[in-house]
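Below is target.txt, holding compact mmCIF, N, CA and C atoms.
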```
# COMPACT_ATOMS: atom_id res chain seq x y z
N MET A 726 0.85 -1.17 0.00
CA MET A 726 0.00 0.00 0.00
C MET A 726 0.90 1.24 0.00
N THR A 727 0.55 2.20 -0.83
CA THR A 727 1.36 3.42 -0.91
C THR A 727 1.07 4.34 0.27
N VAL A 728 2.01 5.24 0.52
CA VAL A 728 1.86 6.20 1.62
C VAL A 728 0.61 7.05 1.40
N GLY A 729 0.35 7.44 0.16
CA GLY A 729 -0.84 8.24 -0.13
C GLY A 729 -2.12 7.51 0.21
N ARG A 730 -2.19 6.24 -0.11
CA ARG A 730 -3.38 5.45 0.22
C ARG A 730 -3.51 5.26 1.72
N GLN A 731 -2.38 5.08 2.41
CA GLN A 731 -2.42 4.95 3.87
C GLN A 731 -2.94 6.23 4.50
N ARG A 732 -2.47 7.37 4.03
CA ARG A 732 -2.94 8.65 4.57
C ARG A 732 -4.42 8.84 4.30
N LEU A 733 -4.85 8.51 3.10
CA LEU A 733 -6.27 8.63 2.75
C LEU A 733 -7.11 7.74 3.66
N GLY A 734 -6.68 6.51 3.87
CA GLY A 734 -7.41 5.59 4.74
C GLY A 734 -7.46 6.07 6.17
N ARG A 735 -6.35 6.59 6.66
CA ARG A 735 -6.30 7.12 8.03
C ARG A 735 -7.22 8.33 8.17
N TRP A 736 -7.23 9.19 7.17
CA TRP A 736 -8.10 10.36 7.17
C TRP A 736 -9.56 9.94 7.23
N GLY A 737 -9.92 8.92 6.44
CA GLY A 737 -11.29 8.41 6.45
C GLY A 737 -11.67 7.82 7.81
N GLU A 738 -10.75 7.08 8.41
CA GLU A 738 -11.01 6.51 9.74
C GLU A 738 -11.17 7.62 10.78
N ASP A 739 -10.35 8.66 10.68
CA ASP A 739 -10.48 9.79 11.61
C ASP A 739 -11.84 10.46 11.45
N LYS A 740 -12.27 10.63 10.23
CA LYS A 740 -13.56 11.26 9.94
C LYS A 740 -14.71 10.41 10.51
N ALA A 741 -14.64 9.11 10.32
CA ALA A 741 -15.67 8.21 10.84
C ALA A 741 -15.65 8.19 12.37
N ALA A 742 -14.48 8.13 12.98
CA ALA A 742 -14.37 8.13 14.44
C ALA A 742 -14.96 9.41 15.02
N ALA A 743 -14.70 10.53 14.39
CA ALA A 743 -15.24 11.81 14.86
C ALA A 743 -16.77 11.81 14.76
N TRP A 744 -17.30 11.24 13.69
CA TRP A 744 -18.76 11.17 13.50
C TRP A 744 -19.40 10.41 14.66
N TYR A 745 -18.82 9.26 15.01
CA TYR A 745 -19.36 8.47 16.12
C TYR A 745 -19.21 9.23 17.44
N ALA A 746 -18.05 9.81 17.68
CA ALA A 746 -17.81 10.52 18.94
C ALA A 746 -18.79 11.67 19.11
N GLU A 747 -19.09 12.38 18.04
CA GLU A 747 -20.06 13.49 18.09
C GLU A 747 -21.45 13.01 18.47
N ARG A 748 -21.73 11.74 18.26
CA ARG A 748 -23.04 11.17 18.56
C ARG A 748 -23.05 10.38 19.86
N GLY A 749 -21.99 10.53 20.65
CA GLY A 749 -21.95 9.93 21.97
C GLY A 749 -21.41 8.52 22.05
N TRP A 750 -20.79 8.04 20.99
CA TRP A 750 -20.20 6.71 21.01
C TRP A 750 -18.81 6.78 21.61
N GLU A 751 -18.49 5.81 22.45
CA GLU A 751 -17.16 5.67 23.03
C GLU A 751 -16.33 4.80 22.10
N ILE A 752 -15.15 5.26 21.77
CA ILE A 752 -14.26 4.47 20.92
C ILE A 752 -13.48 3.51 21.81
N LEU A 753 -13.75 2.22 21.65
CA LEU A 753 -13.07 1.21 22.46
C LEU A 753 -11.75 0.78 21.83
N ASP A 754 -11.73 0.70 20.51
CA ASP A 754 -10.53 0.29 19.79
C ASP A 754 -10.52 0.90 18.41
N ARG A 755 -9.32 1.20 17.94
CA ARG A 755 -9.10 1.62 16.56
C ARG A 755 -8.03 0.72 15.99
N ASN A 756 -8.28 0.21 14.82
CA ASN A 756 -7.32 -0.66 14.13
C ASN A 756 -6.89 -1.83 15.01
N TRP A 757 -7.90 -2.48 15.63
CA TRP A 757 -7.63 -3.66 16.46
C TRP A 757 -7.19 -4.80 15.54
N ARG A 758 -6.07 -5.40 15.87
CA ARG A 758 -5.49 -6.44 15.01
C ARG A 758 -5.36 -7.78 15.73
N SER A 759 -5.53 -8.78 14.91
CA SER A 759 -5.19 -10.14 15.34
C SER A 759 -4.49 -10.78 14.15
N GLY A 760 -4.12 -12.02 14.30
CA GLY A 760 -3.47 -12.71 13.19
C GLY A 760 -4.39 -12.91 12.00
N ARG A 761 -5.68 -12.72 12.19
CA ARG A 761 -6.66 -12.96 11.13
C ARG A 761 -7.07 -11.69 10.38
N GLY A 762 -6.65 -10.52 10.89
CA GLY A 762 -7.02 -9.28 10.22
C GLY A 762 -7.17 -8.13 11.19
N GLU A 763 -7.98 -7.15 10.78
CA GLU A 763 -8.11 -5.92 11.55
C GLU A 763 -9.56 -5.43 11.53
N ILE A 764 -9.97 -4.87 12.66
CA ILE A 764 -11.25 -4.17 12.75
C ILE A 764 -10.91 -2.69 12.85
N ASP A 765 -11.49 -1.88 11.98
CA ASP A 765 -11.16 -0.46 11.93
C ASP A 765 -11.59 0.28 13.19
N LEU A 766 -12.86 0.14 13.57
CA LEU A 766 -13.37 0.83 14.74
C LEU A 766 -14.25 -0.11 15.56
N VAL A 767 -14.08 -0.07 16.87
CA VAL A 767 -14.97 -0.76 17.80
C VAL A 767 -15.49 0.32 18.73
N LEU A 768 -16.82 0.43 18.81
CA LEU A 768 -17.45 1.53 19.54
C LEU A 768 -18.53 1.00 20.46
N ARG A 769 -18.84 1.80 21.50
CA ARG A 769 -19.89 1.39 22.43
C ARG A 769 -20.69 2.61 22.86
N ARG A 770 -21.99 2.40 22.92
CA ARG A 770 -22.89 3.38 23.53
C ARG A 770 -23.95 2.56 24.24
N GLY A 771 -24.05 2.78 25.56
CA GLY A 771 -24.94 1.94 26.35
C GLY A 771 -24.46 0.50 26.27
N GLY A 772 -25.37 -0.41 26.02
CA GLY A 772 -25.01 -1.82 25.92
C GLY A 772 -24.73 -2.29 24.51
N THR A 773 -24.72 -1.36 23.55
CA THR A 773 -24.50 -1.74 22.15
C THR A 773 -23.05 -1.55 21.75
N VAL A 774 -22.48 -2.57 21.14
CA VAL A 774 -21.14 -2.49 20.59
C VAL A 774 -21.27 -2.54 19.07
N VAL A 775 -20.57 -1.61 18.42
CA VAL A 775 -20.56 -1.54 16.96
C VAL A 775 -19.16 -1.87 16.46
N PHE A 776 -19.12 -2.73 15.47
CA PHE A 776 -17.88 -3.02 14.75
C PHE A 776 -18.03 -2.35 13.39
N CYS A 777 -17.15 -1.41 13.11
CA CYS A 777 -17.29 -0.60 11.90
C CYS A 777 -16.11 -0.82 10.96
N GLU A 778 -16.44 -1.14 9.73
CA GLU A 778 -15.46 -1.24 8.66
C GLU A 778 -15.50 0.10 7.91
N VAL A 779 -14.35 0.73 7.79
CA VAL A 779 -14.27 2.03 7.12
C VAL A 779 -13.62 1.84 5.75
N LYS A 780 -14.28 2.35 4.72
CA LYS A 780 -13.75 2.30 3.37
C LYS A 780 -13.67 3.73 2.84
N THR A 781 -12.47 4.12 2.42
CA THR A 781 -12.26 5.47 1.92
C THR A 781 -11.75 5.41 0.49
N ARG A 782 -12.39 6.20 -0.35
CA ARG A 782 -11.97 6.29 -1.75
C ARG A 782 -11.98 7.76 -2.17
N SER A 783 -11.05 8.10 -3.03
CA SER A 783 -10.95 9.49 -3.48
C SER A 783 -11.87 9.78 -4.65
N GLY A 784 -12.42 8.76 -5.26
CA GLY A 784 -13.29 8.95 -6.42
C GLY A 784 -14.21 7.77 -6.61
N THR A 785 -14.84 7.72 -7.77
CA THR A 785 -15.81 6.67 -8.05
C THR A 785 -15.34 5.70 -9.15
N ALA A 786 -14.09 5.79 -9.54
CA ALA A 786 -13.58 4.94 -10.62
C ALA A 786 -13.77 3.45 -10.33
N TYR A 787 -13.75 3.07 -9.07
CA TYR A 787 -13.89 1.67 -8.69
C TYR A 787 -15.24 1.39 -8.04
N GLY A 788 -16.22 2.26 -8.26
CA GLY A 788 -17.55 2.07 -7.69
C GLY A 788 -17.68 2.70 -6.32
N HIS A 789 -18.79 2.42 -5.68
CA HIS A 789 -19.07 2.96 -4.35
C HIS A 789 -18.22 2.22 -3.33
N ALA A 790 -17.75 2.94 -2.32
CA ALA A 790 -16.86 2.37 -1.30
C ALA A 790 -17.49 1.17 -0.60
N ALA A 791 -18.80 1.19 -0.39
CA ALA A 791 -19.48 0.08 0.31
C ALA A 791 -19.37 -1.23 -0.45
N GLU A 792 -19.21 -1.16 -1.75
CA GLU A 792 -19.11 -2.38 -2.56
C GLU A 792 -17.89 -3.21 -2.20
N ALA A 793 -16.89 -2.59 -1.58
CA ALA A 793 -15.68 -3.30 -1.19
C ALA A 793 -15.91 -4.22 0.01
N VAL A 794 -17.04 -4.05 0.69
CA VAL A 794 -17.35 -4.90 1.84
C VAL A 794 -18.28 -6.01 1.36
N ASP A 795 -17.68 -6.95 0.69
CA ASP A 795 -18.44 -8.07 0.12
C ASP A 795 -18.67 -9.15 1.18
N ARG A 796 -19.33 -10.22 0.78
CA ARG A 796 -19.67 -11.30 1.71
C ARG A 796 -18.43 -11.84 2.43
N ARG A 797 -17.36 -12.01 1.70
CA ARG A 797 -16.13 -12.54 2.30
C ARG A 797 -15.59 -11.59 3.37
N LYS A 798 -15.58 -10.29 3.08
CA LYS A 798 -15.11 -9.30 4.05
C LYS A 798 -16.04 -9.27 5.27
N GLN A 799 -17.34 -9.38 5.05
CA GLN A 799 -18.30 -9.41 6.15
C GLN A 799 -18.03 -10.60 7.06
N GLN A 800 -17.78 -11.76 6.48
CA GLN A 800 -17.49 -12.96 7.28
C GLN A 800 -16.22 -12.76 8.09
N ARG A 801 -15.22 -12.13 7.49
CA ARG A 801 -13.97 -11.89 8.20
C ARG A 801 -14.20 -10.94 9.38
N VAL A 802 -14.96 -9.88 9.16
CA VAL A 802 -15.23 -8.92 10.23
C VAL A 802 -16.01 -9.58 11.35
N ARG A 803 -16.98 -10.43 11.00
CA ARG A 803 -17.75 -11.15 12.03
C ARG A 803 -16.84 -12.05 12.86
N ALA A 804 -15.95 -12.77 12.20
CA ALA A 804 -15.02 -13.65 12.92
C ALA A 804 -14.10 -12.84 13.83
N LEU A 805 -13.62 -11.71 13.35
CA LEU A 805 -12.77 -10.85 14.17
C LEU A 805 -13.56 -10.28 15.34
N ALA A 806 -14.82 -9.92 15.11
CA ALA A 806 -15.66 -9.40 16.20
C ALA A 806 -15.84 -10.45 17.29
N ALA A 807 -16.05 -11.70 16.89
CA ALA A 807 -16.19 -12.78 17.87
C ALA A 807 -14.90 -12.91 18.69
N GLN A 808 -13.77 -12.79 18.03
CA GLN A 808 -12.50 -12.87 18.73
C GLN A 808 -12.34 -11.67 19.68
N TRP A 809 -12.69 -10.48 19.21
CA TRP A 809 -12.62 -9.29 20.06
C TRP A 809 -13.50 -9.46 21.29
N LEU A 810 -14.71 -9.97 21.10
CA LEU A 810 -15.65 -10.15 22.21
C LEU A 810 -15.14 -11.16 23.23
N ARG A 811 -14.49 -12.22 22.77
CA ARG A 811 -13.91 -13.20 23.70
C ARG A 811 -12.86 -12.55 24.58
N GLN A 812 -12.12 -11.61 24.03
CA GLN A 812 -11.08 -10.93 24.80
C GLN A 812 -11.62 -9.81 25.70
N HIS A 813 -12.84 -9.36 25.43
CA HIS A 813 -13.44 -8.24 26.18
C HIS A 813 -14.79 -8.66 26.72
N GLN A 814 -14.82 -9.70 27.51
CA GLN A 814 -16.08 -10.26 27.99
C GLN A 814 -16.89 -9.24 28.79
N GLY A 815 -18.20 -9.32 28.60
CA GLY A 815 -19.10 -8.47 29.34
C GLY A 815 -19.36 -7.11 28.71
N TYR A 816 -18.80 -6.86 27.54
CA TYR A 816 -18.94 -5.55 26.92
C TYR A 816 -20.25 -5.35 26.17
N ALA A 817 -20.85 -6.39 25.63
CA ALA A 817 -21.94 -6.18 24.68
C ALA A 817 -23.24 -6.85 25.10
N GLU A 818 -24.30 -6.05 25.10
CA GLU A 818 -25.66 -6.59 25.22
C GLU A 818 -26.23 -6.84 23.83
N SER A 819 -25.86 -5.96 22.89
CA SER A 819 -26.27 -6.14 21.49
C SER A 819 -25.11 -5.70 20.60
N LEU A 820 -25.12 -6.23 19.38
CA LEU A 820 -24.05 -5.97 18.42
C LEU A 820 -24.63 -5.36 17.16
N ARG A 821 -23.78 -4.59 16.48
CA ARG A 821 -24.16 -4.04 15.19
C ARG A 821 -22.91 -3.96 14.33
N PHE A 822 -23.08 -4.19 13.04
CA PHE A 822 -21.98 -4.09 12.09
C PHE A 822 -22.29 -2.97 11.11
N ASP A 823 -21.47 -1.94 11.15
CA ASP A 823 -21.64 -0.77 10.29
C ASP A 823 -20.55 -0.72 9.24
N VAL A 824 -20.83 0.01 8.19
CA VAL A 824 -19.83 0.34 7.18
C VAL A 824 -19.83 1.85 7.04
N ALA A 825 -18.67 2.46 7.24
CA ALA A 825 -18.52 3.90 7.05
C ALA A 825 -17.81 4.11 5.72
N CYS A 826 -18.47 4.82 4.83
CA CYS A 826 -17.92 5.07 3.50
C CYS A 826 -17.53 6.54 3.39
N VAL A 827 -16.30 6.78 3.04
CA VAL A 827 -15.84 8.13 2.78
C VAL A 827 -15.44 8.16 1.32
N GLN A 828 -16.19 8.92 0.56
CA GLN A 828 -15.95 8.97 -0.87
C GLN A 828 -16.08 10.41 -1.34
N ASN A 829 -15.07 10.87 -2.07
CA ASN A 829 -15.03 12.27 -2.53
C ASN A 829 -15.18 13.23 -1.35
N GLY A 830 -14.61 12.87 -0.19
CA GLY A 830 -14.64 13.73 0.98
C GLY A 830 -15.92 13.69 1.79
N ARG A 831 -16.91 12.94 1.33
CA ARG A 831 -18.22 12.87 2.00
C ARG A 831 -18.34 11.56 2.76
N LEU A 832 -18.81 11.66 4.02
CA LEU A 832 -18.98 10.48 4.87
C LEU A 832 -20.42 10.02 4.85
N GLU A 833 -20.60 8.72 4.68
CA GLU A 833 -21.92 8.09 4.79
C GLU A 833 -21.74 6.86 5.68
N VAL A 834 -22.49 6.79 6.77
CA VAL A 834 -22.42 5.65 7.67
C VAL A 834 -23.65 4.78 7.45
N LEU A 835 -23.40 3.54 7.08
CA LEU A 835 -24.47 2.56 6.87
C LEU A 835 -24.60 1.75 8.15
N GLU A 836 -25.54 2.14 8.99
CA GLU A 836 -25.73 1.46 10.27
C GLU A 836 -26.42 0.12 10.02
N GLY A 837 -25.93 -0.92 10.70
CA GLY A 837 -26.51 -2.24 10.54
C GLY A 837 -26.37 -2.75 9.11
N ALA A 838 -25.23 -2.47 8.49
CA ALA A 838 -25.03 -2.80 7.08
C ALA A 838 -25.04 -4.30 6.81
N PHE A 839 -24.61 -5.09 7.80
CA PHE A 839 -24.63 -6.55 7.64
C PHE A 839 -24.71 -7.21 8.98
```

In structure tokens, how does this file's structure come out?
Amino acid sequence: MTVGRQRLGRWGEDKAAAWYAERGWEILDRNWRSGRGEIDLVLRRGGTVVFCEVKTRSGTAYGHAAEAVDRRKQQRVRALAAQWLRQHQGYAESLRFDVACVQNGRLEVLEGAF
């Protein structure tokens, strides 16, 4: 991955994290990693824990950013969420999987995307 793409991705994650924080969500983890992959954002408000995949694109040449979160990526995020939950017992009464899309500088959060 090029430095420019890394910066763009980090900028998108910062934008998404700020969006959640403005709405009262506590950021529990950013870029949580295991040997199986990474979860971009883990957030909590009340008893709900959200696992958010952030996709940032500078344009539309490759379609909408949400399209990058296909069935395989969803399965991977679910497996990582289960692993995160095992390590953080007692954190969640309910779960939600969101996708935050930053495209052309505009943020769109798809709550309960999968």

For this session: Pick out the closest residue to Gly772 (chain A) from this set: A:Ala838, A:Leu820, A:Val827, A:Ile752. Count only N, CA and C atoms.
Result: A:Leu820

Problem set entry | One-decimal distance in Å that lies between CA of Arg797 (chain A) and CA of Tyr745 (chain A) |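 Answer for the CA of Tyr745 (chain A) to CA of Arg797 (chain A) separation: 25.4 Å.
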
Exercise. Hey, can you pull every residue with an atom no more than 7 Å from (-10.3, 10.6, 10.3), using only N, CA and C atoms, and send it as a list of chain:residue names?
Worked result: A:Gly734, A:Arg735, A:Trp736, A:Gly737, A:Glu738, A:Asp739, A:Lys740, A:Ala741, A:Ala742, A:Ala743

Could you name the residues that touch Leu753 (chain A) at 7 Å or less, counting only C-alpha atoms, but leaving out those on the same chain fewer than 2 positions away, as a CSV table (one decimal) with N, CA and C atoms, keeping the file's coordinate frame?
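Generated file (part-v4.csv):
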```csv
chain,number,residue,atom,x,y,z
A,751,GLU,N,-18.5,5.8,22.4
A,751,GLU,CA,-17.2,5.7,23.0
A,751,GLU,C,-16.3,4.8,22.1
A,767,VAL,N,-14.1,-0.1,16.9
A,767,VAL,CA,-15.0,-0.8,17.8
A,767,VAL,C,-15.5,0.3,18.7
A,768,LEU,N,-16.8,0.4,18.8
A,768,LEU,CA,-17.4,1.5,19.5
A,768,LEU,C,-18.5,1.0,20.5
A,769,ARG,N,-18.8,1.8,21.5
A,769,ARG,CA,-19.9,1.4,22.4
A,769,ARG,C,-20.7,2.6,22.9
```

Problem set entry | Within 12 Å of file point (-15.8, -3.8, 14.0), counting only C-alpha atoms, expressed as JSON, numbers by chain | {"A": [752, 753, 754, 755, 756, 757, 758, 762, 763, 764, 765, 766, 767, 768, 769, 774, 775, 776, 777, 778, 779, 798, 799, 800, 801, 802, 803, 804, 805, 806, 807, 808, 809, 810, 820, 821, 822, 823, 824, 825, 836, 837, 838, 839]}

Residue selection dump (N, CA and C atoms) as a short mmCIF file (atom, residue, chain, number, x, y, z; two decimals), in the coordinates of the input:
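part13.cif, freshly written:
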```
data_model
loop_
_atom_site.label_atom_id
_atom_site.label_comp_id
_atom_site.auth_asym_id
_atom_site.auth_seq_id
_atom_site.Cartn_x
_atom_site.Cartn_y
_atom_site.Cartn_z
N ILE A 752 -15.15 5.26 21.77
CA ILE A 752 -14.26 4.47 20.92
C ILE A 752 -13.48 3.51 21.81
N LEU A 753 -13.75 2.22 21.65
CA LEU A 753 -13.07 1.21 22.46
C LEU A 753 -11.75 0.78 21.83
N ASP A 754 -11.73 0.70 20.51
CA ASP A 754 -10.53 0.29 19.79
C ASP A 754 -10.52 0.90 18.41
N ARG A 755 -9.32 1.20 17.94
CA ARG A 755 -9.10 1.62 16.56
C ARG A 755 -8.03 0.72 15.99
N ASN A 756 -8.28 0.21 14.82
CA ASN A 756 -7.32 -0.66 14.13
C ASN A 756 -6.89 -1.83 15.01
N TRP A 757 -7.90 -2.48 15.63
CA TRP A 757 -7.63 -3.66 16.46
C TRP A 757 -7.19 -4.80 15.54
N ARG A 758 -6.07 -5.40 15.87
CA ARG A 758 -5.49 -6.44 15.01
C ARG A 758 -5.36 -7.78 15.73
N GLY A 762 -6.65 -10.52 10.89
CA GLY A 762 -7.02 -9.28 10.22
C GLY A 762 -7.17 -8.13 11.19
N GLU A 763 -7.98 -7.15 10.78
CA GLU A 763 -8.11 -5.92 11.55
C GLU A 763 -9.56 -5.43 11.53
N ILE A 764 -9.97 -4.87 12.66
CA ILE A 764 -11.25 -4.17 12.75
C ILE A 764 -10.91 -2.69 12.85
N ASP A 765 -11.49 -1.88 11.98
CA ASP A 765 -11.16 -0.46 11.93
C ASP A 765 -11.59 0.28 13.19
N LEU A 766 -12.86 0.14 13.57
CA LEU A 766 -13.37 0.83 14.74
C LEU A 766 -14.25 -0.11 15.56
N VAL A 767 -14.08 -0.07 16.87
CA VAL A 767 -14.97 -0.76 17.80
C VAL A 767 -15.49 0.32 18.73
N LEU A 768 -16.82 0.43 18.81
CA LEU A 768 -17.45 1.53 19.54
C LEU A 768 -18.53 1.00 20.46
N ARG A 769 -18.84 1.80 21.50
CA ARG A 769 -19.89 1.39 22.43
C ARG A 769 -20.69 2.61 22.86
N VAL A 774 -22.48 -2.57 21.14
CA VAL A 774 -21.14 -2.49 20.59
C VAL A 774 -21.27 -2.54 19.07
N VAL A 775 -20.57 -1.61 18.42
CA VAL A 775 -20.56 -1.54 16.96
C VAL A 775 -19.16 -1.87 16.46
N PHE A 776 -19.12 -2.73 15.47
CA PHE A 776 -17.88 -3.02 14.75
C PHE A 776 -18.03 -2.35 13.39
N CYS A 777 -17.15 -1.41 13.11
CA CYS A 777 -17.29 -0.60 11.90
C CYS A 777 -16.11 -0.82 10.96
N GLU A 778 -16.44 -1.14 9.73
CA GLU A 778 -15.46 -1.24 8.66
C GLU A 778 -15.50 0.10 7.91
N VAL A 779 -14.35 0.73 7.79
CA VAL A 779 -14.27 2.03 7.12
C VAL A 779 -13.62 1.84 5.75
N LYS A 798 -15.58 -10.29 3.08
CA LYS A 798 -15.11 -9.30 4.05
C LYS A 798 -16.04 -9.27 5.27
N GLN A 799 -17.34 -9.38 5.05
CA GLN A 799 -18.30 -9.41 6.15
C GLN A 799 -18.03 -10.60 7.06
N GLN A 800 -17.78 -11.76 6.48
CA GLN A 800 -17.49 -12.96 7.28
C GLN A 800 -16.22 -12.76 8.09
N ARG A 801 -15.22 -12.13 7.49
CA ARG A 801 -13.97 -11.89 8.20
C ARG A 801 -14.20 -10.94 9.38
N VAL A 802 -14.96 -9.88 9.16
CA VAL A 802 -15.23 -8.92 10.23
C VAL A 802 -16.01 -9.58 11.35
N ARG A 803 -16.98 -10.43 11.00
CA ARG A 803 -17.75 -11.15 12.03
C ARG A 803 -16.84 -12.05 12.86
N ALA A 804 -15.95 -12.77 12.20
CA ALA A 804 -15.02 -13.65 12.92
C ALA A 804 -14.10 -12.84 13.83
N LEU A 805 -13.62 -11.71 13.35
CA LEU A 805 -12.77 -10.85 14.17
C LEU A 805 -13.56 -10.28 15.34
N ALA A 806 -14.82 -9.92 15.11
CA ALA A 806 -15.66 -9.40 16.20
C ALA A 806 -15.84 -10.45 17.29
N ALA A 807 -16.05 -11.70 16.89
CA ALA A 807 -16.19 -12.78 17.87
C ALA A 807 -14.90 -12.91 18.69
N GLN A 808 -13.77 -12.79 18.03
CA GLN A 808 -12.50 -12.87 18.73
C GLN A 808 -12.34 -11.67 19.68
N TRP A 809 -12.69 -10.48 19.21
CA TRP A 809 -12.62 -9.29 20.06
C TRP A 809 -13.50 -9.46 21.29
N LEU A 810 -14.71 -9.97 21.10
CA LEU A 810 -15.65 -10.15 22.21
C LEU A 810 -15.14 -11.16 23.23
N LEU A 820 -25.12 -6.23 19.38
CA LEU A 820 -24.05 -5.97 18.42
C LEU A 820 -24.63 -5.36 17.16
N ARG A 821 -23.78 -4.59 16.48
CA ARG A 821 -24.16 -4.04 15.19
C ARG A 821 -22.91 -3.96 14.33
N PHE A 822 -23.08 -4.19 13.04
CA PHE A 822 -21.98 -4.09 12.09
C PHE A 822 -22.29 -2.97 11.11
N ASP A 823 -21.47 -1.94 11.15
CA ASP A 823 -21.64 -0.77 10.29
C ASP A 823 -20.55 -0.72 9.24
N VAL A 824 -20.83 0.01 8.19
CA VAL A 824 -19.83 0.34 7.18
C VAL A 824 -19.83 1.85 7.04
N ALA A 825 -18.67 2.46 7.24
CA ALA A 825 -18.52 3.90 7.05
C ALA A 825 -17.81 4.11 5.72
N GLU A 836 -25.54 2.14 8.99
CA GLU A 836 -25.73 1.46 10.27
C GLU A 836 -26.42 0.12 10.02
N GLY A 837 -25.93 -0.92 10.70
CA GLY A 837 -26.51 -2.24 10.54
C GLY A 837 -26.37 -2.75 9.11
N ALA A 838 -25.23 -2.47 8.49
CA ALA A 838 -25.03 -2.80 7.08
C ALA A 838 -25.04 -4.30 6.81
N PHE A 839 -24.61 -5.09 7.80
CA PHE A 839 -24.63 -6.55 7.64
C PHE A 839 -24.71 -7.21 8.98
#
```

For this session: Taking the chain letters and numbering used in this document, name the residues of chain A that DSSP puts in helix (DSSP H, G or I), as a PyMOL selection string.
Result: chain A and resi 728-747+790-793+796-812

Seminar exercise, completed: Atom pair CA of Gly784 (chain A) + atom C of Leu835 (chain A), distance 19.8 Å

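From atom N of Trp744 (chain A) back to atom N of Thr781 (chain A), the distance works out to 14.2 Å.
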
Provide an axis-aligned box for all listed atoms of region 745-753 of chain A, padding each side by 6 Å; report its centre and its edge lengths in Å to one decimal, as AutoDock Vina command-line options.
```
--center_x -17.4 --center_y 7.1 --center_z 19.0 --size_x 23.3 --size_y 24.7 --size_z 20.0
```

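Considering only C-alpha atoms, the residue among A:Thr785, A:Arg730, A:Glu833, A:Ala817 positioned nearest to Arg770 (chain A) is A:Ala817.
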
Would you save region 742-757 of chain A from the block above with N, CA and C atoms, as a PDB file, in the first residue's frame?
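Result written to out-v6.pdb:
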```pdb
ATOM      1  N   ALA A 742     -14.477   8.132  12.977  1.00  0.00           N
ATOM      2  CA  ALA A 742     -14.372   8.126  14.440  1.00  0.00           C
ATOM      3  C   ALA A 742     -14.960   9.410  15.022  1.00  0.00           C
ATOM      4  N   ALA A 743     -14.696  10.531  14.391  1.00  0.00           N
ATOM      5  CA  ALA A 743     -15.239  11.809  14.858  1.00  0.00           C
ATOM      6  C   ALA A 743     -16.766  11.814  14.757  1.00  0.00           C
ATOM      7  N   TRP A 744     -17.303  11.240  13.695  1.00  0.00           N
ATOM      8  CA  TRP A 744     -18.757  11.170  13.498  1.00  0.00           C
ATOM      9  C   TRP A 744     -19.400  10.409  14.660  1.00  0.00           C
ATOM     10  N   TYR A 745     -18.824   9.262  15.006  1.00  0.00           N
ATOM     11  CA  TYR A 745     -19.363   8.472  16.117  1.00  0.00           C
ATOM     12  C   TYR A 745     -19.212   9.227  17.442  1.00  0.00           C
ATOM     13  N   ALA A 746     -18.048   9.805  17.682  1.00  0.00           N
ATOM     14  CA  ALA A 746     -17.808  10.518  18.937  1.00  0.00           C
ATOM     15  C   ALA A 746     -18.795  11.674  19.110  1.00  0.00           C
ATOM     16  N   GLU A 747     -19.091  12.377  18.036  1.00  0.00           N
ATOM     17  CA  GLU A 747     -20.057  13.488  18.088  1.00  0.00           C
ATOM     18  C   GLU A 747     -21.453  13.009  18.474  1.00  0.00           C
ATOM     19  N   ARG A 748     -21.732  11.743  18.260  1.00  0.00           N
ATOM     20  CA  ARG A 748     -23.038  11.168  18.560  1.00  0.00           C
ATOM     21  C   ARG A 748     -23.045  10.377  19.860  1.00  0.00           C
ATOM     22  N   GLY A 749     -21.985  10.530  20.652  1.00  0.00           N
ATOM     23  CA  GLY A 749     -21.950   9.929  21.972  1.00  0.00           C
ATOM     24  C   GLY A 749     -21.412   8.518  22.049  1.00  0.00           C
ATOM     25  N   TRP A 750     -20.790   8.040  20.989  1.00  0.00           N
ATOM     26  CA  TRP A 750     -20.201   6.705  21.007  1.00  0.00           C
ATOM     27  C   TRP A 750     -18.805   6.776  21.613  1.00  0.00           C
ATOM     28  N   GLU A 751     -18.494   5.812  22.448  1.00  0.00           N
ATOM     29  CA  GLU A 751     -17.157   5.672  23.029  1.00  0.00           C
ATOM     30  C   GLU A 751     -16.326   4.800  22.100  1.00  0.00           C
ATOM     31  N   ILE A 752     -15.149   5.256  21.773  1.00  0.00           N
ATOM     32  CA  ILE A 752     -14.260   4.469  20.921  1.00  0.00           C
ATOM     33  C   ILE A 752     -13.482   3.512  21.814  1.00  0.00           C
ATOM     34  N   LEU A 753     -13.750   2.224  21.652  1.00  0.00           N
ATOM     35  CA  LEU A 753     -13.075   1.206  22.461  1.00  0.00           C
ATOM     36  C   LEU A 753     -11.754   0.783  21.833  1.00  0.00           C
ATOM     37  N   ASP A 754     -11.733   0.704  20.514  1.00  0.00           N
ATOM     38  CA  ASP A 754     -10.529   0.288  19.794  1.00  0.00           C
ATOM     39  C   ASP A 754     -10.520   0.901  18.408  1.00  0.00           C
ATOM     40  N   ARG A 755      -9.322   1.201  17.942  1.00  0.00           N
ATOM     41  CA  ARG A 755      -9.103   1.620  16.559  1.00  0.00           C
ATOM     42  C   ARG A 755      -8.031   0.722  15.991  1.00  0.00           C
ATOM     43  N   ASN A 756      -8.285   0.209  14.820  1.00  0.00           N
ATOM     44  CA  ASN A 756      -7.323  -0.660  14.135  1.00  0.00           C
ATOM     45  C   ASN A 756      -6.892  -1.833  15.010  1.00  0.00           C
ATOM     46  N   TRP A 757      -7.898  -2.482  15.630  1.00  0.00           N
ATOM     47  CA  TRP A 757      -7.629  -3.655  16.457  1.00  0.00           C
ATOM     48  C   TRP A 757      -7.193  -4.799  15.545  1.00  0.00           C
TER      49      TRP A 757
END
```
